[in-house]
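Take a look at the structure set out below.
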Protein chains: 2
Amino acid sequence: MREVFQQELAEVQNGLVEIAELVQVAIEQATHAFAESDVALAERVIADDQHIDERAIQLDELAIEILARQAPVARDLRIVVSALRISASLERMGDIAAHIAQLARFRFPQQVGPRDLREVFGEMGRNDVEIARQLVKLLDTEDNELAEDIKRRDDIVDGLHKSIFDALLGNGTDVNHPTEVVDATLASRYHERFADHAVSIAKKIQYLSSGEWLQQKEAATPNA
Amino acid sequence: MREVFQQELAEVQNGLVEIAELVQVAIEQATHAFAESDVALAERVIADDQHIDERAIQLDELAIEILARQAPVARDLRIVVSALRISASLERMGDIAAHIAQLARFRFPQQVGPRDLREVFGEMGRNDVEIARQLVKLLDTEDNELAEDIKRRDDIVDGLHKSIFDALLGNGTDVNHPTEVVDATLASRYHERFADHAVSIAKKIQYLSSGEWLQQKEAATPNA
């Protein structure tokens with residue numbers, strides 16, 4: 001029974017890694033579409049978001065089946081409940097990537113956002129992409145250093161978010177057209193929320209890894 | 001065992017109703033603070049959000065205890081898992097109310113948002129408040145008509161959200177100052193997301209009520 005549970009838990013973990021990989025592709029393509037006004041790429045991100053949603057639902061069904069079949073308790077139960085929450089956060093990160101792509105699509109053929117802020121958005125986008133990459137590895141390896149690095153990068157994203165608002169609200173900017181202000185406000189908020197969700201996942205994994213998820217995995221694969 | 005489960009389920013349901021009541025107060029006060037630039041009220045909403053977070057954590061702990069003690073299966077299991085998700089949505093609605101309050105506080109002593117759009121925001125706020133009230137009743141009674149009404153009001157909020165963006169992006173508006181555009185963009189997005197979360201909860205309750213949550217409750221209290 002215990003061994004079956006370990007296998008099912010590994011299946012859940014692999015499912016989370018796979019969804020995180022789809023999210024990583026989504027944010028890579030969304031930030032590229034945003035920077036380059038690539039409307040075809042933006043449309044692909046928007047269409048592909050459905051796959052992320054479907055995979056998240058499948059993973060939730062698997063987690064609910066495990067709860068029904070195995071009736072886990074204590075830490076085991078918390079691992080499965082956390083997987084449900086992590087899947088919800090990943091699904092939301094996919095939505096946000098699609099929102100960023102939508103901004104690029106709506107404004108096409110014009111470039112989205114103010115020219116003055118393009119560099120800052122590029123920096124935010126690179127950090128979101130790097131956070132998504134680290135999240136894939138974190139879900140796979142539970143390496144605490146990756147969780148800490150995601151938090152550090154989130155601080156950077158928060159700082160960039162603040163600098164965009166300072167630029168929009170300050171007087172020394174060329175950003176005057178309301179369309180640019182609206183787009184920059186939403187884009188900055190989306191980039192910031194994307195990183196927030198990653199931090200929320202990283203904290204859950206740190207909590208679980210400090211307990212038994214990691215230890216169970218090592219016990220199940222002693223040669224790894 | 002079955003009877004204990006029914007009691008615990010009722011406890012979860014009551015917990016959700018209580019959190020929804022806190023969310024209702026939060027959005028009432030937040031939209032009032034937003035409309036009237038009432039900074040003291042805004043600060044109360046921001047401070048009180050912690051209570052909502054704490055209550056949501058307590059409810060999650062209760063749901064996890066029920067999963068551990070009762071090991072529910074089938075529809076019973078889905079009810080408890082749905083409660084976890086509903087609590088997460090309510091917690092997020094509390095956050096959004098606090099965000100609306102923060103906009104009022106940041107801009108104080110000036111009024112937040114463009115004067116031209118104040119009436120539209122008032123209308124959005126009234127709909128969000130009404131949605132929150134209906135959500136309390138829906139969680140208590142599982143009355144399908146309330147769920148449908150929440151969806152209808154969400155459509156109204158979506159229309160108002162669109163009209164605010166049209167006004168911000170159009171040329172025939174007096175909204176020129178970037179601060180007003182930023183505030184109106186964020187405020188409109190928050191109002192819209194608040195209603196979205198309510199719809200997501202309403203759909204979960206409709207799904208469960210069409211199955212067994214409602215029937216179980218009737219079976220447990222045959223005289224009600």
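Identifiers in this document derive from the order of the structure tokens: chains are assigned A, B, ..., residues are numbered from 1 separately in each chain, and ligands are numbered from 1 in order of occurrence.
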
Any idea which chain B residues end up within 12 Å of chain A if we count only C-alpha atoms, as a CSV table (one decimal) with N, CA, C and O atoms, in the first residue's frame please?
```
chain,number,residue,atom,x,y,z
B,60,ASP,N,-9.4,25.6,6.2
B,60,ASP,CA,-8.6,24.6,5.4
B,60,ASP,C,-8.1,23.5,6.4
B,60,ASP,O,-8.1,22.3,6.0
B,61,GLU,N,-7.7,23.9,7.6
B,61,GLU,CA,-7.3,22.9,8.5
B,61,GLU,C,-8.4,21.9,8.9
B,61,GLU,O,-8.2,20.7,9.0
B,63,ALA,N,-11.0,21.2,7.0
B,63,ALA,CA,-11.3,20.3,5.8
B,63,ALA,C,-10.2,19.2,5.7
B,63,ALA,O,-10.6,18.0,5.5
B,64,ILE,N,-9.0,19.5,6.0
B,64,ILE,CA,-7.9,18.5,6.0
B,64,ILE,C,-8.1,17.5,7.1
B,64,ILE,O,-7.9,16.3,6.9
B,65,GLU,N,-8.5,18.0,8.3
B,65,GLU,CA,-8.8,17.0,9.4
B,65,GLU,C,-10.0,16.1,9.0
B,65,GLU,O,-9.9,14.9,9.3
B,66,ILE,N,-11.0,16.6,8.3
B,66,ILE,CA,-12.1,15.7,7.9
B,66,ILE,C,-11.6,14.7,6.9
B,66,ILE,O,-12.0,13.5,7.0
B,67,LEU,N,-10.8,15.1,6.0
B,67,LEU,CA,-10.2,14.2,5.0
B,67,LEU,C,-9.4,13.1,5.7
B,67,LEU,O,-9.6,11.9,5.4
B,68,ALA,N,-8.7,13.5,6.8
B,68,ALA,CA,-7.9,12.5,7.5
B,68,ALA,C,-8.8,11.5,8.3
B,68,ALA,O,-8.6,10.3,8.4
B,69,ARG,N,-9.7,12.1,9.1
B,69,ARG,CA,-10.5,11.3,10.0
B,69,ARG,C,-11.6,10.5,9.3
B,69,ARG,O,-11.9,9.3,9.6
B,70,GLN,N,-12.2,11.1,8.2
B,70,GLN,CA,-13.4,10.4,7.6
B,70,GLN,C,-13.0,9.7,6.3
B,70,GLN,O,-13.8,8.8,5.9
B,71,ALA,N,-11.9,10.0,5.7
B,71,ALA,CA,-11.5,9.4,4.4
B,71,ALA,C,-12.7,9.3,3.5
B,71,ALA,O,-13.0,8.2,3.1
B,72,PRO,N,-13.3,10.4,3.2
B,72,PRO,CA,-14.5,10.4,2.4
B,72,PRO,C,-14.1,10.0,0.9
B,72,PRO,O,-13.0,10.1,0.5
B,73,VAL,N,-15.1,9.4,0.2
B,73,VAL,CA,-14.9,9.0,-1.2
B,73,VAL,C,-16.0,9.6,-2.0
B,73,VAL,O,-16.9,10.3,-1.5
B,74,ALA,N,-15.9,9.4,-3.3
B,74,ALA,CA,-16.9,9.8,-4.3
B,74,ALA,C,-17.3,11.3,-4.0
B,74,ALA,O,-16.5,12.2,-3.8
B,75,ARG,N,-18.6,11.5,-4.1
B,75,ARG,CA,-19.1,12.9,-4.0
B,75,ARG,C,-18.7,13.6,-2.7
B,75,ARG,O,-18.4,14.8,-2.7
B,76,ASP,N,-18.7,12.8,-1.6
B,76,ASP,CA,-18.3,13.4,-0.3
B,76,ASP,C,-16.9,14.0,-0.3
B,76,ASP,O,-16.7,15.1,0.2
B,77,LEU,N,-16.0,13.3,-1.0
B,77,LEU,CA,-14.7,13.7,-1.1
B,77,LEU,C,-14.6,15.0,-2.0
B,77,LEU,O,-13.9,16.0,-1.6
B,78,ARG,N,-15.4,15.1,-3.0
B,78,ARG,CA,-15.5,16.2,-3.9
B,78,ARG,C,-16.0,17.5,-3.2
B,78,ARG,O,-15.6,18.6,-3.4
B,79,ILE,N,-16.9,17.2,-2.3
B,79,ILE,CA,-17.5,18.4,-1.5
B,79,ILE,C,-16.4,19.0,-0.6
B,79,ILE,O,-16.2,20.2,-0.6
B,80,VAL,N,-15.6,18.1,0.0
B,80,VAL,CA,-14.5,18.7,0.9
B,80,VAL,C,-13.4,19.4,0.1
B,80,VAL,O,-12.9,20.4,0.4
B,81,VAL,N,-13.1,18.7,-1.0
B,81,VAL,CA,-12.1,19.4,-1.9
B,81,VAL,C,-12.6,20.7,-2.5
B,81,VAL,O,-11.9,21.7,-2.5
B,82,SER,N,-13.9,20.7,-2.8
B,82,SER,CA,-14.5,22.0,-3.3
B,82,SER,C,-14.4,23.1,-2.2
B,82,SER,O,-14.2,24.2,-2.5
B,84,LEU,N,-12.2,23.5,0.0
B,84,LEU,CA,-10.8,24.0,0.0
B,84,LEU,C,-10.7,25.1,-1.1
B,84,LEU,O,-10.1,26.1,-0.9
B,85,ARG,N,-11.3,24.8,-2.2
B,85,ARG,CA,-11.1,25.7,-3.4
B,85,ARG,C,-12.0,27.0,-3.1
B,85,ARG,O,-11.6,28.1,-3.5
B,86,ILE,N,-13.2,26.8,-2.6
B,86,ILE,CA,-14.1,27.9,-2.3
B,86,ILE,C,-13.4,28.9,-1.3
B,86,ILE,O,-13.4,30.1,-1.4
B,87,SER,N,-12.8,28.3,-0.3
B,87,SER,CA,-12.1,29.1,0.7
B,87,SER,C,-11.0,29.9,0.1
B,87,SER,O,-10.7,31.0,0.4
B,88,ALA,N,-10.2,29.3,-0.8
B,88,ALA,CA,-9.1,30.0,-1.5
B,88,ALA,C,-9.7,31.2,-2.3
B,88,ALA,O,-9.1,32.2,-2.3
B,89,SER,N,-10.8,31.0,-3.0
B,89,SER,CA,-11.4,32.1,-3.8
B,89,SER,C,-11.9,33.2,-2.8
B,89,SER,O,-11.8,34.4,-3.2
B,107,ARG,N,-4.1,57.5,-2.8
B,107,ARG,CA,-4.3,58.7,-3.5
B,107,ARG,C,-4.8,59.8,-2.5
B,107,ARG,O,-4.9,61.0,-2.9
B,164,ILE,N,-15.3,51.2,-19.0
B,164,ILE,CA,-14.2,52.0,-18.4
B,164,ILE,C,-13.0,52.0,-19.3
B,164,ILE,O,-12.4,53.1,-19.5
B,165,PHE,N,-12.7,50.8,-19.8
B,165,PHE,CA,-11.5,50.8,-20.7
B,165,PHE,C,-11.8,51.6,-22.0
B,165,PHE,O,-10.9,52.3,-22.5
B,166,ASP,N,-13.0,51.5,-22.5
B,166,ASP,CA,-13.4,52.3,-23.7
B,166,ASP,C,-13.2,53.7,-23.4
B,166,ASP,O,-12.7,54.5,-24.2
B,167,ALA,N,-13.6,54.2,-22.2
B,167,ALA,CA,-13.5,55.6,-21.8
B,167,ALA,C,-12.1,56.0,-21.7
B,167,ALA,O,-11.7,57.1,-22.2
B,168,LEU,N,-11.3,55.1,-21.1
B,168,LEU,CA,-9.8,55.4,-20.9
B,168,LEU,C,-9.1,55.5,-22.2
B,168,LEU,O,-8.2,56.4,-22.4
B,169,LEU,N,-9.5,54.6,-23.1
B,169,LEU,CA,-8.7,54.5,-24.4
B,169,LEU,C,-9.3,55.4,-25.5
B,169,LEU,O,-8.7,55.7,-26.5
B,170,GLY,N,-10.6,55.9,-25.3
B,170,GLY,CA,-11.2,56.8,-26.2
B,170,GLY,C,-10.7,58.2,-26.2
B,170,GLY,O,-9.8,58.5,-25.3
B,171,ASN,N,-11.1,59.0,-27.1
B,171,ASN,CA,-10.6,60.4,-27.1
B,171,ASN,C,-11.5,61.4,-26.5
B,171,ASN,O,-11.1,62.5,-26.1
B,172,GLY,N,-12.8,61.0,-26.3
B,172,GLY,CA,-13.8,61.9,-25.8
B,172,GLY,C,-13.8,62.0,-24.3
B,172,GLY,O,-14.9,62.2,-23.8
B,173,THR,N,-12.7,61.8,-23.6
B,173,THR,CA,-12.8,61.8,-22.2
B,173,THR,C,-11.8,62.9,-21.6
B,173,THR,O,-10.9,63.3,-22.3
B,174,ASP,N,-12.1,63.3,-20.4
B,174,ASP,CA,-11.3,64.3,-19.7
B,174,ASP,C,-10.2,63.6,-19.0
B,174,ASP,O,-9.4,64.2,-18.3
B,175,VAL,N,-10.1,62.2,-19.0
B,175,VAL,CA,-9.1,61.5,-18.3
B,175,VAL,C,-7.8,61.6,-19.0
B,175,VAL,O,-7.5,61.0,-20.0
B,176,ASN,N,-6.9,62.5,-18.5
B,176,ASN,CA,-5.6,62.7,-19.1
B,176,ASN,C,-4.5,62.4,-18.2
B,176,ASN,O,-3.4,61.9,-18.7
B,177,HIS,N,-4.6,62.6,-16.9
B,177,HIS,CA,-3.5,62.5,-16.1
B,177,HIS,C,-3.2,61.0,-15.9
B,177,HIS,O,-4.0,60.2,-15.6
B,178,PRO,N,-1.9,60.6,-16.1
B,178,PRO,CA,-1.5,59.2,-16.0
B,178,PRO,C,-1.9,58.6,-14.6
B,178,PRO,O,-2.3,57.4,-14.6
B,179,THR,N,-1.8,59.3,-13.5
B,179,THR,CA,-2.2,58.8,-12.2
B,179,THR,C,-3.7,58.3,-12.3
B,179,THR,O,-4.0,57.2,-11.8
B,180,GLU,N,-4.5,59.1,-12.9
B,180,GLU,CA,-6.0,58.7,-13.0
B,180,GLU,C,-6.1,57.4,-13.8
B,180,GLU,O,-7.0,56.6,-13.6
B,181,VAL,N,-5.4,57.4,-14.9
B,181,VAL,CA,-5.5,56.2,-15.8
B,181,VAL,C,-5.0,55.0,-15.1
B,181,VAL,O,-5.6,53.9,-15.2
B,182,VAL,N,-3.9,55.1,-14.4
B,182,VAL,CA,-3.3,53.9,-13.7
B,182,VAL,C,-4.4,53.4,-12.7
B,182,VAL,O,-4.7,52.2,-12.6
B,183,ASP,N,-4.9,54.4,-11.9
B,183,ASP,CA,-5.8,54.0,-10.8
B,183,ASP,C,-7.1,53.4,-11.4
B,183,ASP,O,-7.6,52.4,-10.8
B,184,ALA,N,-7.6,54.0,-12.4
B,184,ALA,CA,-8.8,53.5,-13.0
B,184,ALA,C,-8.6,52.1,-13.6
B,184,ALA,O,-9.5,51.2,-13.5
B,185,THR,N,-7.5,51.9,-14.2
B,185,THR,CA,-7.2,50.6,-14.8
B,185,THR,C,-7.2,49.5,-13.8
B,185,THR,O,-7.8,48.5,-13.9
B,186,LEU,N,-6.4,49.8,-12.7
B,186,LEU,CA,-6.3,48.8,-11.6
B,186,LEU,C,-7.7,48.6,-10.9
B,186,LEU,O,-8.1,47.5,-10.7
B,187,ALA,N,-8.3,49.7,-10.6
B,187,ALA,CA,-9.6,49.6,-9.9
B,187,ALA,C,-10.6,48.8,-10.7
B,187,ALA,O,-11.4,47.9,-10.2
B,188,SER,N,-10.7,49.0,-12.0
B,188,SER,CA,-11.6,48.3,-12.9
B,188,SER,C,-11.3,46.8,-12.9
B,188,SER,O,-12.2,46.0,-12.8
B,189,ARG,N,-10.0,46.6,-13.0
B,189,ARG,CA,-9.6,45.1,-13.0
B,189,ARG,C,-9.9,44.5,-11.7
B,189,ARG,O,-10.4,43.3,-11.7
B,190,TYR,N,-9.7,45.1,-10.6
B,190,TYR,CA,-10.0,44.5,-9.3
B,190,TYR,C,-11.5,44.3,-9.1
B,190,TYR,O,-11.9,43.2,-8.7
```

With a distance cut-off of 10 Å and only C-alpha atoms, select the neighbouring residues of A:Gly122, excluding the residue or stretch itself and same-chain residues fewer than 5 positions from it, and output the selection as a list of chain:residue names.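 What passes the distance filter is A:Thr31, A:His32, A:Phe34, A:Ala35, A:Leu117, A:Asn127, A:Asp128.
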
Output N, CA and C atoms for every residue in the selection just made, as a PDB file, in the first residue's frame.
```pdb
ATOM      1  N   THR A  31       6.210  36.654 -23.428  1.00  0.00           N
ATOM      2  CA  THR A  31       7.071  37.834 -23.247  1.00  0.00           C
ATOM      3  C   THR A  31       7.748  38.189 -24.572  1.00  0.00           C
ATOM      4  N   HIS A  32       8.052  37.143 -25.372  1.00  0.00           N
ATOM      5  CA  HIS A  32       8.618  37.414 -26.708  1.00  0.00           C
ATOM      6  C   HIS A  32       7.584  38.117 -27.594  1.00  0.00           C
ATOM      7  N   PHE A  34       5.112  39.889 -26.624  1.00  0.00           N
ATOM      8  CA  PHE A  34       4.909  41.225 -26.055  1.00  0.00           C
ATOM      9  C   PHE A  34       6.009  42.177 -26.518  1.00  0.00           C
ATOM     10  N   ALA A  35       7.248  41.720 -26.470  1.00  0.00           N
ATOM     11  CA  ALA A  35       8.386  42.586 -26.822  1.00  0.00           C
ATOM     12  C   ALA A  35       8.442  42.859 -28.323  1.00  0.00           C
ATOM     13  N   LEU A 117       9.543  52.407 -21.597  1.00  0.00           N
ATOM     14  CA  LEU A 117       9.520  51.351 -20.583  1.00  0.00           C
ATOM     15  C   LEU A 117       9.840  49.976 -21.154  1.00  0.00           C
ATOM     16  N   ASN A 127      13.080  37.918 -16.105  1.00  0.00           N
ATOM     17  CA  ASN A 127      13.007  37.376 -14.746  1.00  0.00           C
ATOM     18  C   ASN A 127      11.842  36.397 -14.595  1.00  0.00           C
ATOM     19  N   ASP A 128      10.686  36.720 -15.192  1.00  0.00           N
ATOM     20  CA  ASP A 128       9.556  35.790 -15.139  1.00  0.00           C
ATOM     21  C   ASP A 128       9.905  34.464 -15.825  1.00  0.00           C
TER      22      ASP A 128
END
```

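You will find atom CA of A:Ile201 at 22.3 Å from atom CA of A:Phe5.
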
One number please: atom CA of A:Ala83 to atom CA of A:Ile52, in Å, one decimal. 15.2 Å

From the list B:Ala30, B:Leu16, B:Leu139, B:Ala198, the nearest residue to B:Gly125 using only C-alpha atoms is B:Ala30
